[in-house]
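A.B. asks: My questions will all concern the structure given below.
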Amino acid sequence: MKKALRFVLTLQSVPVTLVDDKGKEMSCELRELNGTQRDQYLKNNADRVKLDDKGNYAGMKDYDGIQADLLVTCFYIEGKLATKAFIQSMPGSAIQELYDEAKRMSKLQSKDEREAEEKKDTPETTAKNGSSGASSALGSSSPTSSASPSSS
C-alpha cells in the first residue's frame, strides 16, 4: 500500500526576539522559504560548490557570508527583511542558530543533517535529554553594531 502524503500549505514561521546591549527588544520572525525563494537561494549559491573530477560534491569553495545570504531571504525584523550588514554584525552563536533553523524549516539540510535531526527527536532521545531540541537561546543575543537591522 502506498503512503498517503498530506501537506499544510501555510509557510512555517518562528518568532524571535533580539535584545540589544541597552535592553531594547526587537520583534523578529524567521520564515520558511517558498519554492521560488528556495530555488533562488540554491541558484545563487551554486558557484560555492566544489566538484571532484567525476562531478561529485567535494565540499565548498567559499563560505564568506553563506549564512547571511540565507537569512536575508527569510529573517524579518519588525516586519522588514533584515540587511546582510545587520546579520553579519550579530553574534556568531545567534547567526548559527538562526541559520540552522532556517535550513531545517526550508528543507535545505544535507542528508546527514536530516538523519541526525530525526534521531535527535526520537522518544528515547527526548526522554534522555529532557527536551525536544526545539528550544532557542536567541533571546539573549545582543547585536552591537550600528548596522541598520532591516531594509527599507
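Just remember, in the C-alpha cells the first chain shown is A, the second B, etc., residues are 1-based per chain, and ligands are 1-based in the order shown.
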Can you check which parts of segment 10-74 of chain A lie within 10 Å of segment 97-116 of chain A? Per residue, the shortest pair of atoms and distance in Å to one decimal, counting only C-alpha atoms, sorted by chain and number, as CSV.

C.D. replies:
residue,atom,partner,partner_atom,distance
A:Leu11,CA,A:Met105,CA,8.9
A:Gln12,CA,A:Met105,CA,6.8
A:Ser13,CA,A:Met105,CA,8.1
A:Val14,CA,A:Glu101,CA,8.9
A:Val16,CA,A:Leu98,CA,9.1
A:Leu30,CA,A:Ala102,CA,6.9
A:Arg31,CA,A:Ala102,CA,7.3
A:Glu32,CA,A:Ser106,CA,5.3
A:Leu33,CA,A:Ser106,CA,5.6
A:Asn34,CA,A:Ser106,CA,7.8
A:Gly35,CA,A:Ser106,CA,8.9
A:Gln37,CA,A:Ser106,CA,9.7
A:Arg38,CA,A:Ser106,CA,7.3
A:Tyr41,CA,A:Leu108,CA,9.9
A:Leu42,CA,A:Leu108,CA,8.9
A:Ile66,CA,A:Tyr99,CA,9.3
A:Gln67,CA,A:Tyr99,CA,5.8
A:Ala68,CA,A:Tyr99,CA,7.9
A:Asp69,CA,A:Tyr99,CA,9.6
A:Leu70,CA,A:Tyr99,CA,7.2
A:Leu71,CA,A:Tyr99,CA,6.6
A:Thr73,CA,A:Ala102,CA,9.7
A:Cys74,CA,A:Ala102,CA,7.4

A.B. asks: Take the residues from that selection and put them in a file with N, CA and C atoms, as a PDB file, in the first residue's frame.

C.D. replies:
ATOM      1  N   LEU A  11       3.166  28.502   5.194  1.00  0.00           N
ATOM      2  CA  LEU A  11       4.602  28.516   5.471  1.00  0.00           C
ATOM      3  C   LEU A  11       4.836  28.579   6.980  1.00  0.00           C
ATOM      4  N   GLN A  12       5.829  27.838   7.438  1.00  0.00           N
ATOM      5  CA  GLN A  12       6.189  27.854   8.853  1.00  0.00           C
ATOM      6  C   GLN A  12       6.850  29.176   9.208  1.00  0.00           C
ATOM      7  N   SER A  13       6.731  29.567  10.456  1.00  0.00           N
ATOM      8  CA  SER A  13       7.472  30.723  10.954  1.00  0.00           C
ATOM      9  C   SER A  13       7.758  30.517  12.439  1.00  0.00           C
ATOM     10  N   VAL A  14       8.807  31.178  12.899  1.00  0.00           N
ATOM     11  CA  VAL A  14       9.217  31.079  14.293  1.00  0.00           C
ATOM     12  C   VAL A  14       9.448  32.491  14.812  1.00  0.00           C
ATOM     13  N   VAL A  16      11.128  35.337  16.985  1.00  0.00           N
ATOM     14  CA  VAL A  16      12.465  35.518  17.555  1.00  0.00           C
ATOM     15  C   VAL A  16      12.491  36.899  18.200  1.00  0.00           C
ATOM     16  N   LEU A  30      11.423  34.402  11.822  1.00  0.00           N
ATOM     17  CA  LEU A  30      12.140  33.591  10.843  1.00  0.00           C
ATOM     18  C   LEU A  30      11.078  32.825  10.073  1.00  0.00           C
ATOM     19  N   ARG A  31      11.065  32.970   8.744  1.00  0.00           N
ATOM     20  CA  ARG A  31      10.016  32.365   7.929  1.00  0.00           C
ATOM     21  C   ARG A  31      10.582  31.322   6.971  1.00  0.00           C
ATOM     22  N   GLU A  32       9.808  30.285   6.760  1.00  0.00           N
ATOM     23  CA  GLU A  32      10.147  29.259   5.771  1.00  0.00           C
ATOM     24  C   GLU A  32      10.158  29.885   4.380  1.00  0.00           C
ATOM     25  N   LEU A  33      11.091  29.444   3.528  1.00  0.00           N
ATOM     26  CA  LEU A  33      11.129  29.915   2.147  1.00  0.00           C
ATOM     27  C   LEU A  33      10.039  29.232   1.336  1.00  0.00           C
ATOM     28  N   ASN A  34       9.463  29.955   0.385  1.00  0.00           N
ATOM     29  CA  ASN A  34       8.569  29.289  -0.570  1.00  0.00           C
ATOM     30  C   ASN A  34       9.436  28.681  -1.674  1.00  0.00           C
ATOM     31  N   GLY A  35       8.850  27.994  -2.597  1.00  0.00           N
ATOM     32  CA  GLY A  35       9.602  27.302  -3.639  1.00  0.00           C
ATOM     33  C   GLY A  35      10.478  28.224  -4.464  1.00  0.00           C
ATOM     34  N   GLN A  37      11.717  31.223  -3.626  1.00  0.00           N
ATOM     35  CA  GLN A  37      12.813  31.733  -2.798  1.00  0.00           C
ATOM     36  C   GLN A  37      13.880  30.664  -2.572  1.00  0.00           C
ATOM     37  N   ARG A  38      13.452  29.440  -2.331  1.00  0.00           N
ATOM     38  CA  ARG A  38      14.382  28.332  -2.089  1.00  0.00           C
ATOM     39  C   ARG A  38      15.227  28.064  -3.328  1.00  0.00           C
ATOM     40  N   TYR A  41      17.780  30.854  -3.777  1.00  0.00           N
ATOM     41  CA  TYR A  41      18.895  30.710  -2.833  1.00  0.00           C
ATOM     42  C   TYR A  41      19.865  29.636  -3.318  1.00  0.00           C
ATOM     43  N   LEU A  42      19.338  28.497  -3.744  1.00  0.00           N
ATOM     44  CA  LEU A  42      20.201  27.416  -4.234  1.00  0.00           C
ATOM     45  C   LEU A  42      20.966  27.846  -5.482  1.00  0.00           C
ATOM     46  N   ILE A  66      27.820  33.004   3.763  1.00  0.00           N
ATOM     47  CA  ILE A  66      26.854  31.968   3.364  1.00  0.00           C
ATOM     48  C   ILE A  66      25.628  31.940   4.282  1.00  0.00           C
ATOM     49  N   GLN A  67      25.831  32.137   5.568  1.00  0.00           N
ATOM     50  CA  GLN A  67      24.692  32.119   6.481  1.00  0.00           C
ATOM     51  C   GLN A  67      23.833  33.367   6.305  1.00  0.00           C
ATOM     52  N   ALA A  68      24.455  34.512   6.186  1.00  0.00           N
ATOM     53  CA  ALA A  68      23.705  35.758   5.988  1.00  0.00           C
ATOM     54  C   ALA A  68      22.952  35.732   4.665  1.00  0.00           C
ATOM     55  N   ASP A  69      23.532  35.099   3.642  1.00  0.00           N
ATOM     56  CA  ASP A  69      22.850  35.024   2.344  1.00  0.00           C
ATOM     57  C   ASP A  69      21.512  34.300   2.443  1.00  0.00           C
ATOM     58  N   LEU A  70      21.421  33.306   3.313  1.00  0.00           N
ATOM     59  CA  LEU A  70      20.138  32.641   3.526  1.00  0.00           C
ATOM     60  C   LEU A  70      19.228  33.518   4.393  1.00  0.00           C
ATOM     61  N   LEU A  71      19.766  34.067   5.455  1.00  0.00           N
ATOM     62  CA  LEU A  71      18.937  34.813   6.399  1.00  0.00           C
ATOM     63  C   LEU A  71      18.345  36.086   5.804  1.00  0.00           C
ATOM     64  N   THR A  73      16.928  36.339   3.160  1.00  0.00           N
ATOM     65  CA  THR A  73      15.734  35.947   2.410  1.00  0.00           C
ATOM     66  C   THR A  73      14.573  35.541   3.319  1.00  0.00           C
ATOM     67  N   CYS A  74      14.840  35.355   4.632  1.00  0.00           N
ATOM     68  CA  CYS A  74      13.783  34.785   5.470  1.00  0.00           C
ATOM     69  C   CYS A  74      13.726  35.318   6.895  1.00  0.00           C
TER      70      CYS A  74
END

A.B. asks: Taking the DSSP secondary structure from the backbone, can you list the residues of segment 25-111 of chain A that are alpha helix (DSSP H), as number ranges by chain?

C.D. replies: A: 35-45, 66-71, 84-89, 92-105, 111

A.B. asks: Please save C-alpha atoms of the selected residues as a compact mmCIF listing (two decimals), in the first residue's frame.

C.D. replies:
# COMPACT_ATOMS: atom_id res chain seq x y z
CA GLY A 35 9.60 27.30 -3.64
CA THR A 36 10.73 30.32 -5.66
CA GLN A 37 12.81 31.73 -2.80
CA ARG A 38 14.38 28.33 -2.09
CA ASP A 39 15.31 27.79 -5.75
CA GLN A 40 16.81 31.29 -5.97
CA TYR A 41 18.90 30.71 -2.83
CA LEU A 42 20.20 27.42 -4.23
CA LYS A 43 20.94 29.01 -7.62
CA ASN A 44 22.78 31.93 -6.01
CA ASN A 45 24.99 29.55 -4.03
CA ILE A 66 26.85 31.97 3.36
CA GLN A 67 24.69 32.12 6.48
CA ALA A 68 23.71 35.76 5.99
CA ASP A 69 22.85 35.02 2.34
CA LEU A 70 20.14 32.64 3.53
CA LEU A 71 18.94 34.81 6.40
CA LYS A 84 23.14 41.47 5.39
CA ALA A 85 25.21 44.06 7.26
CA PHE A 86 22.99 43.75 10.33
CA ILE A 87 23.01 39.96 10.26
CA GLN A 88 26.81 39.92 9.92
CA SER A 89 27.05 42.24 12.95
CA GLY A 92 28.04 34.19 15.64
CA SER A 93 26.03 31.99 18.01
CA ALA A 94 22.78 33.76 17.09
CA ILE A 95 23.58 33.66 13.36
CA GLN A 96 24.35 29.94 13.56
CA GLU A 97 21.14 29.10 15.38
CA LEU A 98 19.00 31.18 13.01
CA TYR A 99 20.76 29.62 10.01
CA ASP A 100 20.25 26.08 11.30
CA GLU A 101 16.55 26.72 11.92
CA ALA A 102 16.10 28.40 8.51
CA LYS A 103 17.71 25.39 6.80
CA ARG A 104 15.52 22.99 8.78
CA MET A 105 12.28 24.84 8.03
CA LYS A 111 21.02 14.09 4.20

A.B. asks: Rounded to one decimal place, report the atom CA of Ile77 of chain A-atom CA of Leu18 of chain A distance in Å.

C.D. replies: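 Between atom CA of Ile77 of chain A and atom CA of Leu18 of chain A the gap works out to 8.9 Å.
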
A.B. asks: Please report the interatomic distance between atom CA of Ala46 of chain A and atom CA of Gly65 of chain A in Å with one decimal.

C.D. replies: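 Distance between the two atoms: 13.9 Å.
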
A.B. asks: Provide the atom CA of Val19 of chain A to atom CA of Asp64 of chain A distance in Å, to one decimal place.

C.D. replies: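 Answer for the atom CA of Val19 of chain A to atom CA of Asp64 of chain A separation: 25.5 Å.
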
A.B. asks: DSSP on the backbone, strand (DSSP E) only: what residues of segment 48-99 of chain A does that give? Format it as a list in words.

C.D. replies: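 Put together, the selection reads Val49, Lys50, Leu51, Tyr57, Ala58, Gly59, Met60, Phe75, Tyr76, Ile77, Lys80 and Leu81 of chain A.
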